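Below is input_15.cif, which holds mmCIF, C-alpha atoms.
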```cif
data_target
loop_
_atom_site.group_PDB
_atom_site.id
_atom_site.type_symbol
_atom_site.label_atom_id
_atom_site.label_comp_id
_atom_site.auth_asym_id
_atom_site.auth_seq_id
_atom_site.Cartn_x
_atom_site.Cartn_y
_atom_site.Cartn_z
ATOM 1 C CA MET T 70 117.659 97.062 87.392
ATOM 2 C CA VAL T 71 117.536 100.648 86.148
ATOM 3 C CA ARG T 72 117.240 101.604 82.503
ATOM 4 C CA ALA T 73 117.699 105.106 81.152
ATOM 5 C CA SER T 74 117.991 106.452 77.627
ATOM 6 C CA ALA T 75 118.938 109.677 75.887
ATOM 7 C CA PRO T 76 118.646 110.822 72.259
ATOM 8 C CA GLY T 77 121.287 111.571 69.700
ATOM 9 C CA LYS T 78 121.406 114.946 68.020
ATOM 10 C CA CYS T 79 121.851 116.704 64.708
ATOM 11 C CA ILE T 80 123.176 120.229 64.366
ATOM 12 C CA LEU T 81 120.839 122.280 62.199
ATOM 13 C CA PHE T 82 122.956 125.420 62.186
ATOM 14 C CA GLY T 83 126.248 126.675 63.558
ATOM 15 C CA GLU T 84 128.722 123.794 63.544
ATOM 16 C CA HIS T 85 132.283 125.153 63.558
ATOM 17 C CA ALA T 86 131.006 128.736 63.948
ATOM 18 C CA VAL T 87 130.125 127.945 67.567
ATOM 19 C CA VAL T 88 133.864 127.614 68.264
ATOM 20 C CA TYR T 89 134.199 131.318 67.407
ATOM 21 C CA GLY T 90 131.360 132.601 69.594
ATOM 22 C CA GLU T 91 128.457 132.258 67.156
ATOM 23 C CA PRO T 92 125.255 130.395 68.134
ATOM 24 C CA ALA T 93 124.557 126.767 67.312
ATOM 25 C CA VAL T 94 121.148 125.106 66.944
ATOM 26 C CA ALA T 95 120.653 121.375 67.463
ATOM 27 C CA VAL T 96 117.698 119.004 67.533
ATOM 28 C CA ALA T 97 117.330 115.729 69.375
ATOM 29 C CA ILE T 98 116.650 112.814 67.051
ATOM 30 C CA ASP T 99 114.483 109.754 67.555
ATOM 31 C CA ALA T 100 117.426 107.373 67.814
ATOM 32 C CA ARG T 101 118.571 106.711 71.347
ATOM 33 C CA VAL T 102 121.306 105.239 73.509
ATOM 34 C CA GLN T 103 119.968 103.058 76.335
ATOM 35 C CA VAL T 104 121.922 102.114 79.454
ATOM 36 C CA SER T 105 120.811 99.221 81.661
ATOM 37 C CA MET T 106 122.402 99.019 85.115
ATOM 38 C CA ALA T 107 122.215 96.210 87.679
ATOM 39 C CA PRO T 108 124.272 95.090 90.700
ATOM 40 C CA CYS T 109 126.975 92.511 89.994
ATOM 41 C CA LYS T 110 129.764 90.659 91.783
ATOM 42 C CA GLY T 111 133.439 91.474 91.527
ATOM 43 C CA GLU T 112 134.072 94.752 89.718
ATOM 44 C CA TRP T 113 132.255 97.346 87.639
ATOM 45 C CA LYS T 114 131.615 96.171 84.088
ATOM 46 C CA LEU T 115 130.456 97.674 80.808
ATOM 47 C CA ASP T 116 129.051 95.304 78.190
ATOM 48 C CA GLY T 117 130.640 92.397 80.050
ATOM 49 C CA ASN T 118 134.154 93.891 80.191
ATOM 50 C CA PRO T 119 135.839 95.530 83.194
ATOM 51 C CA LEU T 120 135.089 99.242 83.380
ATOM 52 C CA ASN T 121 138.262 101.019 82.285
ATOM 53 C CA SER T 122 139.063 104.726 82.677
ATOM 54 C CA GLU T 123 140.950 104.786 79.367
ATOM 55 C CA ARG T 124 138.275 103.035 77.312
ATOM 56 C CA HIS T 125 135.251 104.409 79.190
ATOM 57 C CA PRO T 126 136.327 107.780 80.662
ATOM 58 C CA HIS T 127 132.825 109.302 80.556
ATOM 59 C CA VAL T 128 131.247 106.462 82.518
ATOM 60 C CA VAL T 129 134.048 106.332 85.096
ATOM 61 C CA SER T 130 133.847 110.108 85.648
ATOM 62 C CA LEU T 131 130.095 109.948 86.171
ATOM 63 C CA ARG T 132 130.265 106.937 88.490
ATOM 64 C CA ASP T 133 132.877 108.676 90.642
ATOM 65 C CA ALA T 134 130.895 111.938 90.706
ATOM 66 C CA VAL T 135 127.571 110.349 91.690
ATOM 67 C CA LEU T 136 128.456 107.190 93.635
ATOM 68 C CA GLY T 137 132.178 107.402 94.364
ATOM 69 C CA ALA T 138 135.021 105.243 93.088
ATOM 70 C CA GLU T 139 134.590 102.695 95.941
ATOM 71 C CA SER T 140 130.860 102.145 95.341
ATOM 72 C CA SER T 141 129.273 98.717 95.057
ATOM 73 C CA PRO T 142 129.936 97.217 91.620
ATOM 74 C CA HIS T 143 127.308 97.302 88.895
ATOM 75 C CA SER T 144 127.148 95.959 85.390
ATOM 76 C CA LEU T 145 126.175 98.331 82.567
ATOM 77 C CA MET T 146 124.823 97.212 79.205
ATOM 78 C CA VAL T 147 124.621 99.729 76.366
ATOM 79 C CA GLN T 148 122.344 99.604 73.330
ATOM 80 C CA SER T 149 122.617 102.276 70.647
ATOM 81 C CA GLU T 150 120.428 103.117 67.668
ATOM 82 C CA LEU T 151 122.916 105.730 66.428
ATOM 83 C CA PHE T 152 125.544 105.424 63.735
ATOM 84 C CA PRO T 153 128.878 105.285 65.623
ATOM 85 C CA ALA T 154 131.470 108.068 65.275
ATOM 86 C CA ALA T 155 129.183 109.948 62.894
ATOM 87 C CA GLY T 156 128.668 113.279 64.649
ATOM 88 C CA LEU T 157 125.277 112.310 66.091
ATOM 89 C CA GLY T 158 126.197 112.810 69.738
ATOM 90 C CA SER T 159 126.447 109.159 70.747
ATOM 91 C CA SER T 160 129.024 109.897 73.455
ATOM 92 C CA ALA T 161 126.870 112.648 74.987
ATOM 93 C CA ALA T 162 123.778 110.437 74.852
ATOM 94 C CA LEU T 163 125.698 107.681 76.660
ATOM 95 C CA SER T 164 126.825 110.184 79.304
ATOM 96 C CA ALA T 165 123.327 111.595 79.858
ATOM 97 C CA ALA T 166 121.699 108.155 80.063
ATOM 98 C CA THR T 167 124.404 106.855 82.407
ATOM 99 C CA CYS T 168 124.082 109.916 84.638
ATOM 100 C CA ALA T 169 120.293 109.561 84.851
ATOM 101 C CA ALA T 170 120.596 105.879 85.752
ATOM 102 C CA LEU T 171 123.200 106.580 88.447
ATOM 103 C CA LEU T 172 121.076 109.335 89.991
ATOM 104 C CA GLN T 173 118.105 106.977 89.991
ATOM 105 C CA LEU T 174 120.179 104.403 91.896
ATOM 106 C CA VAL T 175 120.784 106.872 94.724
ATOM 107 C CA GLY T 176 117.167 108.039 94.731
ATOM 108 C CA ASP T 177 117.776 111.544 93.384
ATOM 109 C CA GLU T 178 115.162 113.319 91.321
ATOM 110 C CA MET T 179 115.553 113.801 87.578
ATOM 111 C CA ASP T 180 117.127 117.252 87.430
ATOM 112 C CA SER T 181 117.863 118.138 83.797
ATOM 113 C CA GLU T 182 120.336 120.903 84.628
ATOM 114 C CA ARG T 183 122.289 118.658 86.978
ATOM 115 C CA ILE T 184 122.387 115.832 84.433
ATOM 116 C CA ALA T 185 123.515 118.252 81.713
ATOM 117 C CA THR T 186 126.224 119.677 83.985
ATOM 118 C CA LEU T 187 127.613 116.331 85.132
ATOM 119 C CA SER T 188 127.489 114.930 81.594
ATOM 120 C CA HIS T 189 129.277 117.975 80.191
ATOM 121 C CA LEU T 190 132.007 117.710 82.834
ATOM 122 C CA ALA T 191 132.443 114.026 81.968
ATOM 123 C CA GLU T 192 132.752 114.894 78.265
ATOM 124 C CA ALA T 193 135.272 117.626 79.059
ATOM 125 C CA ALA T 194 137.356 115.263 81.200
ATOM 126 C CA ALA T 195 137.455 112.797 78.312
ATOM 127 C CA GLN T 196 138.436 115.540 75.842
ATOM 128 C CA LYS T 197 141.356 117.015 77.812
ATOM 129 C CA GLY T 198 139.316 119.844 79.254
ATOM 130 C CA ARG T 199 137.612 121.005 76.065
ATOM 131 C CA ALA T 200 133.989 120.260 75.214
ATOM 132 C CA SER T 201 131.019 122.259 73.991
ATOM 133 C CA PRO T 202 127.818 121.634 75.972
ATOM 134 C CA VAL T 203 125.634 121.494 72.856
ATOM 135 C CA ASP T 204 125.579 117.687 72.636
ATOM 136 C CA THR T 205 124.989 117.017 76.338
ATOM 137 C CA SER T 206 122.369 119.766 76.608
ATOM 138 C CA THR T 207 120.460 118.392 73.618
ATOM 139 C CA ALA T 208 120.672 114.817 74.918
ATOM 140 C CA THR T 209 119.329 116.019 78.272
ATOM 141 C CA LEU T 210 116.681 118.567 77.286
ATOM 142 C CA GLY T 211 115.539 117.023 73.996
ATOM 143 C CA GLY T 212 113.551 118.997 71.436
ATOM 144 C CA CYS T 213 115.435 121.878 69.855
ATOM 145 C CA VAL T 214 118.307 123.546 71.705
ATOM 146 C CA MET T 215 120.197 126.760 71.022
ATOM 147 C CA LEU T 216 123.619 127.477 72.446
ATOM 148 C CA SER T 217 124.858 131.054 72.404
ATOM 149 C CA ASN T 218 127.365 133.372 74.054
ATOM 150 C CA GLU T 219 124.461 135.589 75.153
ATOM 151 C CA LYS T 220 120.867 135.235 76.324
ATOM 152 C CA GLU T 221 118.678 135.274 73.216
ATOM 153 C CA SER T 222 115.332 137.071 73.333
ATOM 154 C CA PHE T 223 113.592 134.728 70.881
ATOM 155 C CA ALA T 224 114.389 131.452 72.694
ATOM 156 C CA ASP T 225 113.613 130.089 76.176
ATOM 157 C CA TRP T 226 116.750 130.521 78.307
ATOM 158 C CA ARG T 227 117.350 127.471 80.516
ATOM 159 C CA TYR T 228 120.719 127.822 82.224
ATOM 160 C CA THR T 229 124.314 129.009 81.967
ATOM 161 C CA ARG T 230 127.159 126.518 81.582
ATOM 162 C CA THR T 231 130.721 127.411 82.461
ATOM 163 C CA LEU T 232 133.847 125.334 82.093
ATOM 164 C CA GLU T 233 137.457 125.809 83.105
ATOM 165 C CA THR T 234 139.533 124.867 80.066
ATOM 166 C CA PRO T 235 143.249 124.991 79.224
ATOM 167 C CA ASP T 236 142.397 128.243 77.421
ATOM 168 C CA GLY T 237 140.637 129.823 80.404
ATOM 169 C CA GLU T 238 137.021 129.852 81.559
ATOM 170 C CA LEU T 239 134.374 129.521 78.866
ATOM 171 C CA SER T 240 130.682 130.266 79.282
ATOM 172 C CA TRP T 241 127.576 129.402 77.267
ATOM 173 C CA GLU T 242 123.903 130.272 77.518
ATOM 174 C CA ILE T 243 121.636 127.284 76.878
ATOM 175 C CA HIS T 244 118.130 127.797 75.463
ATOM 176 C CA SER T 245 115.202 125.650 74.411
ATOM 177 C CA VAL T 246 113.502 126.602 71.156
ATOM 178 C CA ASP T 247 109.726 126.219 71.009
ATOM 179 C CA LEU T 248 108.874 124.633 67.672
ATOM 180 C CA ALA T 249 105.720 125.824 65.944
ATOM 181 C CA GLU T 250 102.835 123.394 65.462
ATOM 182 C CA ARG T 251 103.603 123.074 61.754
ATOM 183 C CA ALA T 252 107.042 121.710 62.566
ATOM 184 C CA ARG T 253 105.292 118.459 63.527
ATOM 185 C CA ASP T 254 104.581 117.934 59.822
ATOM 186 C CA ALA T 255 108.291 117.883 59.021
ATOM 187 C CA TRP T 256 110.838 115.105 59.265
ATOM 188 C CA LEU T 257 114.592 114.933 59.262
ATOM 189 C CA VAL T 258 116.278 112.263 57.218
ATOM 190 C CA VAL T 259 119.817 111.630 58.413
ATOM 191 C CA GLY T 260 122.139 110.173 55.793
ATOM 192 C CA SER T 261 125.462 108.621 56.802
ATOM 193 C CA THR T 262 128.428 108.554 54.420
ATOM 194 C CA GLY T 263 130.031 105.782 56.453
ATOM 195 C CA ILE T 264 133.236 107.855 56.630
ATOM 196 C CA HIS T 265 134.661 108.504 60.100
ATOM 197 C CA SER T 266 136.355 111.874 60.562
ATOM 198 C CA PRO T 267 137.810 113.026 63.917
ATOM 199 C CA THR T 268 136.162 116.226 65.148
ATOM 200 C CA GLY T 269 139.405 117.585 66.588
ATOM 201 C CA LYS T 270 141.172 117.262 63.250
ATOM 202 C CA MET T 271 138.405 119.145 61.434
ATOM 203 C CA VAL T 272 138.273 121.930 64.051
ATOM 204 C CA SER T 273 142.039 122.454 63.930
ATOM 205 C CA GLY T 274 141.889 122.430 60.133
ATOM 206 C CA VAL T 275 139.378 125.295 60.160
ATOM 207 C CA ALA T 276 141.543 127.245 62.604
ATOM 208 C CA GLU T 277 144.545 126.864 60.302
ATOM 209 C CA LEU T 278 142.486 127.868 57.251
ATOM 210 C CA LEU T 279 141.240 131.011 58.975
ATOM 211 C CA THR T 280 144.820 131.934 59.860
ATOM 212 C CA GLN T 281 145.848 131.557 56.226
ATOM 213 C CA ARG T 282 142.722 133.219 54.833
ATOM 214 C CA PRO T 283 141.363 135.665 57.436
ATOM 215 C CA GLU T 284 138.747 136.947 54.971
ATOM 216 C CA LEU T 285 136.850 133.698 55.616
ATOM 217 C CA ARG T 286 135.954 135.006 59.069
ATOM 218 C CA GLN T 287 133.025 136.688 57.349
ATOM 219 C CA GLU T 288 131.656 133.234 56.517
ATOM 220 C CA ILE T 289 131.759 132.377 60.218
ATOM 221 C CA THR T 290 129.806 135.564 61.008
ATOM 222 C CA LYS T 291 127.253 134.689 58.314
ATOM 223 C CA MET T 292 126.751 131.293 59.943
ATOM 224 C CA GLY T 293 125.700 133.060 63.137
ATOM 225 C CA VAL T 294 123.202 135.183 61.209
ATOM 226 C CA VAL T 295 121.827 132.046 59.555
ATOM 227 C CA ALA T 296 121.488 130.263 62.920
ATOM 228 C CA ARG T 297 119.457 133.083 64.449
ATOM 229 C CA ALA T 298 117.279 133.346 61.336
ATOM 230 C CA GLY T 299 116.758 129.576 61.488
ATOM 231 C CA VAL T 300 115.502 129.750 65.077
ATOM 232 C CA ALA T 301 113.082 132.535 64.125
ATOM 233 C CA ALA T 302 111.752 130.489 61.190
ATOM 234 C CA LEU T 303 111.365 127.353 63.335
ATOM 235 C CA SER T 304 109.479 129.329 65.965
ATOM 236 C CA VAL T 305 106.809 130.451 63.478
ATOM 237 C CA GLY T 306 106.712 127.232 61.450
ATOM 238 C CA ASN T 307 108.178 128.643 58.233
ATOM 239 C CA LEU T 308 109.637 125.323 57.124
ATOM 240 C CA GLU T 309 110.393 126.572 53.627
ATOM 241 C CA GLU T 310 112.686 129.251 55.041
ATOM 242 C CA VAL T 311 114.315 126.729 57.357
ATOM 243 C CA GLY T 312 115.095 124.578 54.323
ATOM 244 C CA GLU T 313 116.531 127.508 52.385
ATOM 245 C CA LEU T 314 118.703 128.439 55.344
ATOM 246 C CA MET T 315 119.956 124.857 55.576
ATOM 247 C CA ASP T 316 121.002 125.053 51.921
ATOM 248 C CA LEU T 317 122.806 128.319 52.631
ATOM 249 C CA ALA T 318 124.471 126.859 55.718
ATOM 250 C CA HIS T 319 125.873 124.008 53.642
ATOM 251 C CA SER T 320 127.308 126.463 51.119
ATOM 252 C CA LEU T 321 129.020 128.385 53.922
ATOM 253 C CA LEU T 322 130.445 125.169 55.366
ATOM 254 C CA ARG T 323 131.817 124.285 51.947
ATOM 255 C CA GLU T 324 133.533 127.679 51.868
ATOM 256 C CA ILE T 325 135.503 126.780 54.990
ATOM 257 C CA GLU T 326 136.348 123.406 53.435
ATOM 258 C CA VAL T 327 134.710 121.026 55.909
ATOM 259 C CA SER T 328 132.393 119.235 53.503
ATOM 260 C CA CYS T 329 133.574 116.434 51.224
ATOM 261 C CA PRO T 330 132.437 114.951 47.877
ATOM 262 C CA GLU T 331 130.509 112.154 49.583
ATOM 263 C CA LEU T 332 128.546 114.608 51.734
ATOM 264 C CA ASP T 333 127.943 116.920 48.787
ATOM 265 C CA ARG T 334 126.511 114.058 46.710
ATOM 266 C CA LEU T 335 124.063 113.000 49.417
ATOM 267 C CA VAL T 336 123.016 116.625 50.003
ATOM 268 C CA GLU T 337 122.464 117.177 46.272
ATOM 269 C CA VAL T 338 120.388 114.033 45.750
ATOM 270 C CA ALA T 339 118.235 114.767 48.829
ATOM 271 C CA ARG T 340 117.275 118.269 47.725
ATOM 272 C CA SER T 341 114.902 117.148 44.946
ATOM 273 C CA THR T 342 112.522 115.643 47.540
ATOM 274 C CA SER T 343 113.174 117.920 50.520
ATOM 275 C CA LEU T 344 112.893 121.521 51.665
ATOM 276 C CA GLY T 345 116.629 121.783 52.247
ATOM 277 C CA ALA T 346 119.693 119.721 53.068
ATOM 278 C CA LYS T 347 123.150 120.173 54.552
ATOM 279 C CA MET T 348 126.013 118.364 56.225
ATOM 280 C CA THR T 349 125.768 118.126 60.008
ATOM 281 C CA GLY T 350 128.578 117.980 62.521
ATOM 282 C CA ALA T 351 132.318 118.357 62.022
ATOM 283 C CA GLY T 352 132.350 117.265 58.380
ATOM 284 C CA GLY T 353 134.997 115.446 56.372
ATOM 285 C CA GLY T 354 132.571 112.520 56.383
ATOM 286 C CA GLY T 355 129.943 111.649 58.949
ATOM 287 C CA CYS T 356 126.356 112.631 58.175
ATOM 288 C CA MET T 357 124.087 115.009 56.320
ATOM 289 C CA ILE T 358 120.476 115.898 57.074
ATOM 290 C CA ALA T 359 117.470 116.792 54.950
ATOM 291 C CA LEU T 360 114.315 118.569 56.131
ATOM 292 C CA THR T 361 111.413 116.990 54.310
ATOM 293 C CA LEU T 362 107.653 116.498 54.173
ATOM 294 C CA ASN T 363 108.150 113.244 52.243
ATOM 295 C CA PRO T 364 110.625 111.231 54.324
ATOM 296 C CA LYS T 365 110.159 107.980 52.411
ATOM 297 C CA ALA T 366 111.139 109.512 49.068
ATOM 298 C CA THR T 367 114.063 111.413 50.583
ATOM 299 C CA ALA T 368 115.351 108.339 52.396
ATOM 300 C CA GLU T 369 115.130 106.244 49.237
ATOM 301 C CA ALA T 370 117.067 108.863 47.266
ATOM 302 C CA ILE T 371 119.851 108.892 49.850
ATOM 303 C CA GLU T 372 119.965 105.103 50.039
ATOM 304 C CA MET T 373 120.235 104.897 46.244
ATOM 305 C CA ARG T 374 123.498 106.852 46.564
ATOM 306 C CA GLY T 375 124.812 104.458 49.197
ATOM 307 C CA GLY T 376 123.883 106.344 52.348
ATOM 308 C CA ARG T 377 122.449 104.697 55.454
ATOM 309 C CA VAL T 378 119.471 106.573 56.867
ATOM 310 C CA ILE T 379 117.640 107.410 60.066
ATOM 311 C CA ILE T 380 114.189 109.005 59.754
ATOM 312 C CA THR T 381 113.230 111.138 62.733
ATOM 313 C CA PRO T 382 110.730 113.813 63.725
ATOM 314 C CA LEU T 383 112.056 117.330 64.158
ATOM 315 C CA GLY T 384 112.954 116.989 67.825
ATOM 316 C CA ALA T 385 112.640 114.038 70.237
ATOM 317 C CA PRO T 386 112.265 113.614 74.024
ATOM 318 C CA GLY T 387 115.363 114.149 76.155
ATOM 319 C CA VAL T 388 116.892 111.867 78.763
ATOM 320 C CA ARG T 389 114.429 109.676 80.629
ATOM 321 C CA ILE T 390 114.162 106.671 82.923
ATOM 322 C CA GLU T 391 112.824 103.683 80.998
ATOM 323 C CA GLU T 392 112.519 101.307 83.917
ATOM 324 C CA SER T 393 113.273 101.524 87.635
ATOM 325 C CA PRO T 394 112.828 99.252 90.670
#
```

What's the structure tokens form of this structure?
Amino acid sequence: MVRASAPGKCILFGEHAVVYGEPAVAVAIDARVQVSMAPCKGEWKLDGNPLNSERHPHVVSLRDAVLGAESSPHSLMVQSELFPAAGLGSSAALSAATCAALLQLVGDEMDSERIATLSHLAEAAAQKGRASPVDTSTATLGGCVMLSNEKESFADWRYTRTLETPDGELSWEIHSVDLAERARDAWLVVGSTGIHSPTGKMVSGVAELLTQRPELRQEITKMGVVARAGVAALSVGNLEEVGELMDLAHSLLREIEVSCPELDRLVEVARSTSLGAKMTGAGGGGCMIALTLNPKATAEAIEMRGGRVIITPLGAPGVRIEESP
């Protein structure tokens, strides 16, 4: 049997703005998706059910890419510590963990760029040719990741990702961000509203809003400025500034109408015990995050308002093999 796992992610800065060429910054969180894989008789299975290209497109794409469609059948079991459909990158974590396990089966070395590439292609295939590599890169590399349309001087460039989409070829520069020693004192508390909101619907809603109100493009530009300032603050350990920038980022996201009352309430209640708080992901529901030095108090405040919480360090290890033959 082979077991591999990969972390979920939270976007610290740049959600939605990344669609318009601005940078995005994400951190891996200490809540993982684990895939166990073992030979079986009959046909490929996932959690005891036949593997199906409509229900499990990511896994089928990865199996075909690494082993081939006619490969010997295996049974996959998936365990997840992430809130489902909450913008925490559960699909990308499943893809990265599955890819690592498949590569282990054929005796290939753990190559983070290859895993990130194959996982991103699987995500794109499942999303009709459109997918940002931020989730799969964070699930693969772990820590703190910055995605940009250019190579950034204040982050560690790792690789370039390109993708042929229905809108033409897109390209991204993927970086790792070295967190300062003081960042180890900080925690993220993730609060879930329990509301599921499709990412595609929120992205198209922003596009329509910007068409109707083109002056809001300046808010998108400001988000890019905030993201770069956030990376600089993380790199030197200025957690107070990171928190202030998170507060500002939430205000900008409210301006483009992607927050919701439930998110706003959890953000507001978290701020009294944290350095800063904001929604994370597509919005319209899903999750918020708070940067805090007192995770217990912040978590309790969020739970008192009905939110479910995950407490995580600021950054977690990327994809890894948990057990191999």

Using the chain letters and numbering of this document, enumerate as number ranges by chain the residues selected by the PyMOL selection byres ((chain T and resi 220-230) around 10).
-> T: 92, 181-182, 185-186, 189, 201-202, 206, 210, 214-219, 231-232, 239-247, 297, 300-301, 304

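One finds CA of Ser164 in chain T at 7.6 Å from CA of Glu192 in chain T.
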
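Applied to the shown file, the PyMOL selection byres ((chain T and resi 70) around 6) selects the residues Val71, Met106 and Ala107 of chain T.
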
Could you jot down the CA of Asp177 in chain T to CA of Ala165 in chain T separation for me, Å, one decimal place?
-> 14.6 Å

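Nearest to Val128 in chain T of all the residues T:Ala191, T:Leu279, T:Val87, T:Ala97 is T:Ala191, based on all atoms listed in the file.
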
Would you kindly return, as a PyMOL selection string, each protein, DNA or RNA residue with an atom no farther than 9 Å from any atom of range 366-378 of chain T, considering all atoms listed in the file and excluding same-chain residues fewer than 5 positions away?
-> chain T and resi 152+258-263+334-336+338-343+356+359+361

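Separating CA of Ala169 in chain T from CA of Ile390 in chain T is a distance of 7.0 Å.
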
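Distances here use all atoms listed in the file; by that measure, the residue among T:Ala194, T:Ala161, T:Cys109, T:Leu344 closest to Glu123 in chain T is T:Ala194.
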
Please work out which residues fall within 9 Å of (118.8, 107.4, 78.6), coordinates as given in the file, with only C-alpha atoms counting, and return them as a PyMOL selection string.
-> chain T and resi 72-76+101-105+162-170+208-209+387-391

Contact residues around Leu278 in chain T with all atoms listed in the file at 9 Å, ignoring same-chain residues under 6 positions, as a VMD selection string = chain T and resid 285 325 to 326

Apply the PyMOL selection byres ((chain T and resi 113) around 7) to the displayed file and report the matching residues as a list in words.
-> Glu112, Lys114, Pro119, Leu120, Pro142, His143 and Ser144 of chain T

Return the padded bounding box of range 260-265 of chain T as JSON: axis-aligned, built from all atoms listed in the file, 3 Å added on each side, with centre and edge lengths in Å to one decimal.
```
{"center_x": 128.4, "center_y": 108.0, "center_z": 57.3, "size_x": 18.5, "size_y": 10.4, "size_z": 11.7}
```

Quick one: everything within 9 Å of Arg253 in chain T, counting only C-alpha atoms, minus sequence neighbours fewer than 2 positions away in the same chain. Send it as a PyMOL selection string.
-> chain T and resi 248-251+255-256+382-384

Please save C-alpha atoms of the selected residues as a compact mmCIF listing (two decimals), in the frame of the given file.
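So the final result, stored in again.txt, reads:
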```txt
# COMPACT_ATOMS: atom_id res chain seq x y z
CA LEU T 248 108.87 124.63 67.67
CA ALA T 249 105.72 125.82 65.94
CA GLU T 250 102.84 123.39 65.46
CA ARG T 251 103.60 123.07 61.75
CA ALA T 255 108.29 117.88 59.02
CA TRP T 256 110.84 115.10 59.26
CA PRO T 382 110.73 113.81 63.72
CA LEU T 383 112.06 117.33 64.16
CA GLY T 384 112.95 116.99 67.82
```

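Comparing T:Pro267, T:Gly77, T:Gly117, T:Pro108 by their smallest distance to Val327 in chain T, the closest is T:Pro267 (using all atoms listed in the file).
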